[in-house]
Amino acid sequence: MLALGISADDEAALAALTKQFNAENEDVQVTLRVYATESEKNYYLSHNADDCDMYAFNYAFSANRYKDRLLSLDRNACTNRYLVSIVNGLRASDESLYVLPADGYYYTQCFNIDMLTARGLELPSTFTDLKMLASRLKAYASGTDEPSSASVGGTDSVLFALMSVAYPQYLNTVRVATFLSRLADGGVSVLDEEYRTEWEDIFENLQMLYDENFYFLQDISQSLGKGLSRFNGGEAYALQNGSNVNAAKDISKDLNVKYTAFVGNEERDACFGSMPALYLSLSASLKDDGAKLSAAQRILDYFATAEGQNLLHRPDTGNEYISYLKRSSSNLPEIYADLQDKVNEGRLFVVDSFSQIFGSCIGDIASYLSNSINLDKLLVKIDESRRSTGTSNRNTKARAGAGDFRATRFADGRKNFREQKARRRLGFHRGNSVRDQRGDGERSGGSGYGKYRSV
């Protein structure tokens, strides 16, 4: 019997997976240890108050902070089934792989082709093209205060805009494959001479898009609903298409749209993003238990199949998942078929660590975009933010908050509030003892372990 530690948000998806696996493998059975929240699960893991054999994580960023408690998967044969570019992007700062991803959600630009055609405009293929397009659209919109592109709203609108500039210009290159994981661990800084020039260029180009009203800083106070209304109503030429947009349901069928990659300095730099629905990892404790390790590897092997991945899909998302498996990735949903060549070229990235690292800096980035601080000051503040939030391995508390791209996918949109409430209810802070207790009040593992439900 193996235990898989998860949060309640992932229960439905992983219950479907483990139910099917258990039915097909009578000699290896998996039970789910369900914690109320992701933060709660991670807290007990980080304090040696949980003894699961496997763990599911919402973010590779979080999992990599607990790499001393997880098993490297580099020698596991099923890792070879994944796209190399994705595997490399998920590596921790020690360049080891500790997680395997479930299918992900798309991050692309979406353009209204008919509106562009009516103005005699074409889709941009380089960042120079995008700057020219933004300038012309601003001229056409003279006298109005609305941006030419609709956004996902909130702080994520700024995070999305930054990501769309940073990845094709810099981050989706072999040279900086582990830059974000090293930045998270404090191994590098945006102030380092080796990286500073690139980040200055990135933020200056981002500033230009806001100055030309392609993006609008006031969208921080707007909602996704406002952005969708503007785009569907023919008031915006483009739309930020993130994981909280269900393209098949949210975009009007009356529009002639095209989903495109983010553009860089050259055409070959174009790439698009995605966010895995969840990740699976193995406990380091399995290293010394050959029988359990062999059983756990069978679960990973099933997880890394098209059948296993399909069981994890949430029905409300429709057929809008991208697979990171080499064979399955050649069959993108029809609406994203134009992006197939980018997948084949490895021009696909995971937004995971980026959203966690820069999400805590949105206030400072907004201050720079509104000319309240200069670029030098912004880079200093980003560096200070990384240090003050304790991103080294010594700080094992997972962060949720600003820039939490994934949080917007949940039904009530209040994931962080629910986590904080649960932590208060459980007396969830340092100094309190914790117990291993089932949801019905039955003790299930002795003192010293966390609270969870067994499924």
# chains A, B, ... in the order shown; residues from 1 in each chain; ligands from 1
>>> residues_around(residues="Ile202 in chain A", least_positions_apart="3", cutoff="6 Å", atoms="only C-alpha atoms", output="PyMOL selection string")
chain A and resi 166+199+205
>>> write_last_selection(atoms="C-alpha atoms", output="mmCIF file, in the first residue's frame")
data_model
loop_
_atom_site.group_PDB
_atom_site.id
_atom_site.type_symbol
_atom_site.label_atom_id
_atom_site.label_comp_id
_atom_site.auth_asym_id
_atom_site.auth_seq_id
_atom_site.Cartn_x
_atom_site.Cartn_y
_atom_site.Cartn_z
ATOM 1 C CA ALA A 166 10.690 37.992 -21.185
ATOM 2 C CA TRP A 199 16.505 42.419 -17.875
ATOM 3 C CA ASN A 205 10.289 46.829 -24.019
#
>>> select_by_dssp(residues="range 57-164 of chain A", states="alpha helix (DSSP H)", output="ChimeraX atom specification")
/A:60-65,84-89,113-118,127-140,155-164
>>> closest_residue(among="A:Tyr170, A:Phe214, A:Tyr321, A:Phe358", to="Asp269 in chain A", atoms="only C-alpha atoms")
A:Tyr170
>>> atom_distance(atom1="CA of Tyr167 in chain A", atom2="CA of Ser323 in chain A")
19.9 Å
>>> select_by_dssp(residues="range 280-369 of chain A", states="strand (DSSP E or B)", output="PyMOL selection string")
chain A and resi 280-283+322+325+348-350
>>> write_last_selection(atoms="C-alpha atoms", output="mmCIF file, in the first residue's frame")
data_model
loop_
_atom_site.group_PDB
_atom_site.id
_atom_site.type_symbol
_atom_site.label_atom_id
_atom_site.label_comp_id
_atom_site.auth_asym_id
_atom_site.auth_seq_id
_atom_site.Cartn_x
_atom_site.Cartn_y
_atom_site.Cartn_z
ATOM 1 C CA LEU A 280 3.777 14.169 -9.267
ATOM 2 C CA SER A 281 6.912 13.367 -7.248
ATOM 3 C CA LEU A 282 8.385 10.566 -5.130
ATOM 4 C CA SER A 283 9.516 10.755 -1.511
ATOM 5 C CA ILE A 322 -1.564 20.518 -23.955
ATOM 6 C CA LEU A 325 4.395 13.709 -23.721
ATOM 7 C CA LEU A 348 7.062 25.847 -25.413
ATOM 8 C CA PHE A 349 7.712 26.858 -21.805
ATOM 9 C CA VAL A 350 6.151 26.370 -18.365
#
>>> closest_residue(among="A:Ala291, A:Leu137, A:Tyr105, A:Ile86", to="Gly120 in chain A", atoms="only C-alpha atoms")
A:Leu137
>>> residues_around(residues="Gly104 in chain A", least_positions_apart="5", cutoff="12 Å", atoms="only C-alpha atoms", output="ChimeraX atom specification")
/A:58-59,86,242-244,273-279,309-310,312-314,317,319-325,329,332,348-352,406
>>> residues_around(residues="Met132 in chain A", least_positions_apart="6", cutoff="12 Å", atoms="only C-alpha atoms", output="VMD selection string")
chain A and resid 121 to 126 138 to 139 208 to 209 212 214
>>> closest_residue(among="A:Leu71, A:Asn80, A:Tyr368, A:Pro101", to="Gly308 in chain A", atoms="only C-alpha atoms")
A:Pro101
>>> closest_residue(among="A:Ser370, A:Glu146, A:Ser229, A:Leu293", to="Ile251 in chain A", atoms="only C-alpha atoms")
A:Ser229
>>> residues_around(residues="Asn64 in chain A", least_positions_apart="4", cutoff="8 Å", atoms="only C-alpha atoms", output="ChimeraX atom specification")
/A:60,91-92,98
>>> atom_distance(atom1="CA of Ala248 in chain A", atom2="CA of Ser221 in chain A")
25.7 Å
>>> atom_distance(atom1="CA of Leu73 in chain A", atom2="CA of Lys342 in chain A")
26.2 Å
>>> closest_residue(among="A:Leu369, A:Ala77, A:Leu379, A:Leu255", to="Asp114 in chain A", atoms="only C-alpha atoms")
A:Leu255
>>> decode(residues="range 95-109 of chain A", atoms="N, CA, C and O atoms", output="PDB file, in the first residue's frame")
ATOM      1  N   GLU A  95      20.042  21.105 -10.964  1.00  0.00           N
ATOM      2  CA  GLU A  95      19.874  20.548 -12.310  1.00  0.00           C
ATOM      3  C   GLU A  95      19.274  19.140 -12.299  1.00  0.00           C
ATOM      4  O   GLU A  95      19.307  18.439 -13.309  1.00  0.00           O
ATOM      5  N   SER A  96      18.705  18.727 -11.176  1.00  0.00           N
ATOM      6  CA  SER A  96      18.009  17.446 -11.098  1.00  0.00           C
ATOM      7  C   SER A  96      16.515  17.655 -11.309  1.00  0.00           C
ATOM      8  O   SER A  96      15.980  18.742 -11.053  1.00  0.00           O
ATOM      9  N   LEU A  97      15.835  16.600 -11.743  1.00  0.00           N
ATOM     10  CA  LEU A  97      14.394  16.641 -11.979  1.00  0.00           C
ATOM     11  C   LEU A  97      13.682  15.914 -10.840  1.00  0.00           C
ATOM     12  O   LEU A  97      13.978  14.747 -10.564  1.00  0.00           O
ATOM     13  N   TYR A  98      12.738  16.605 -10.193  1.00  0.00           N
ATOM     14  CA  TYR A  98      12.027  16.021  -9.054  1.00  0.00           C
ATOM     15  C   TYR A  98      10.527  15.859  -9.299  1.00  0.00           C
ATOM     16  O   TYR A  98       9.832  15.291  -8.458  1.00  0.00           O
ATOM     17  N   VAL A  99      10.027  16.355 -10.405  1.00  0.00           N
ATOM     18  CA  VAL A  99       8.587  16.297 -10.674  1.00  0.00           C
ATOM     19  C   VAL A  99       8.320  15.888 -12.114  1.00  0.00           C
ATOM     20  O   VAL A  99       9.137  16.138 -13.008  1.00  0.00           O
ATOM     21  N   LEU A 100       7.167  15.256 -12.321  1.00  0.00           N
ATOM     22  CA  LEU A 100       6.649  15.024 -13.658  1.00  0.00           C
ATOM     23  C   LEU A 100       5.323  15.757 -13.774  1.00  0.00           C
ATOM     24  O   LEU A 100       4.507  15.718 -12.850  1.00  0.00           O
ATOM     25  N   PRO A 101       5.070  16.440 -14.894  1.00  0.00           N
ATOM     26  CA  PRO A 101       3.868  17.261 -15.008  1.00  0.00           C
ATOM     27  C   PRO A 101       2.669  16.525 -15.583  1.00  0.00           C
ATOM     28  O   PRO A 101       2.814  15.620 -16.417  1.00  0.00           O
ATOM     29  N   ALA A 102       1.486  16.930 -15.134  1.00  0.00           N
ATOM     30  CA  ALA A 102       0.255  16.554 -15.816  1.00  0.00           C
ATOM     31  C   ALA A 102       0.083  17.473 -17.014  1.00  0.00           C
ATOM     32  O   ALA A 102       0.824  18.455 -17.167  1.00  0.00           O
ATOM     33  N   ASP A 103      -0.880  17.186 -17.879  1.00  0.00           N
ATOM     34  CA  ASP A 103      -1.153  18.076 -19.010  1.00  0.00           C
ATOM     35  C   ASP A 103      -1.393  19.500 -18.514  1.00  0.00           C
ATOM     36  O   ASP A 103      -1.803  19.716 -17.367  1.00  0.00           O
ATOM     37  N   GLY A 104      -1.150  20.484 -19.396  1.00  0.00           N
ATOM     38  CA  GLY A 104      -1.202  21.878 -18.970  1.00  0.00           C
ATOM     39  C   GLY A 104      -2.215  22.733 -19.705  1.00  0.00           C
ATOM     40  O   GLY A 104      -2.879  22.304 -20.643  1.00  0.00           O
ATOM     41  N   TYR A 105      -2.300  23.988 -19.254  1.00  0.00           N
ATOM     42  CA  TYR A 105      -3.187  24.997 -19.824  1.00  0.00           C
ATOM     43  C   TYR A 105      -2.359  25.975 -20.651  1.00  0.00           C
ATOM     44  O   TYR A 105      -1.202  26.243 -20.351  1.00  0.00           O
ATOM     45  N   TYR A 106      -2.977  26.563 -21.665  1.00  0.00           N
ATOM     46  CA  TYR A 106      -2.263  27.403 -22.631  1.00  0.00           C
ATOM     47  C   TYR A 106      -2.112  28.851 -22.165  1.00  0.00           C
ATOM     48  O   TYR A 106      -2.991  29.412 -21.504  1.00  0.00           O
ATOM     49  N   TYR A 107      -0.976  29.458 -22.575  1.00  0.00           N
ATOM     50  CA  TYR A 107      -0.747  30.900 -22.439  1.00  0.00           C
ATOM     51  C   TYR A 107      -0.289  31.410 -23.809  1.00  0.00           C
ATOM     52  O   TYR A 107       0.832  31.127 -24.246  1.00  0.00           O
ATOM     53  N   THR A 108      -1.150  32.136 -24.476  1.00  0.00           N
ATOM     54  CA  THR A 108      -0.853  32.642 -25.815  1.00  0.00           C
ATOM     55  C   THR A 108      -1.450  34.042 -25.978  1.00  0.00           C
ATOM     56  O   THR A 108      -2.208  34.505 -25.135  1.00  0.00           O
ATOM     57  N   GLN A 109      -1.130  34.680 -27.083  1.00  0.00           N
ATOM     58  CA  GLN A 109      -1.858  35.867 -27.501  1.00  0.00           C
ATOM     59  C   GLN A 109      -3.016  35.416 -28.376  1.00  0.00           C
ATOM     60  O   GLN A 109      -2.916  34.402 -29.065  1.00  0.00           O
TER      61      GLN A 109
END
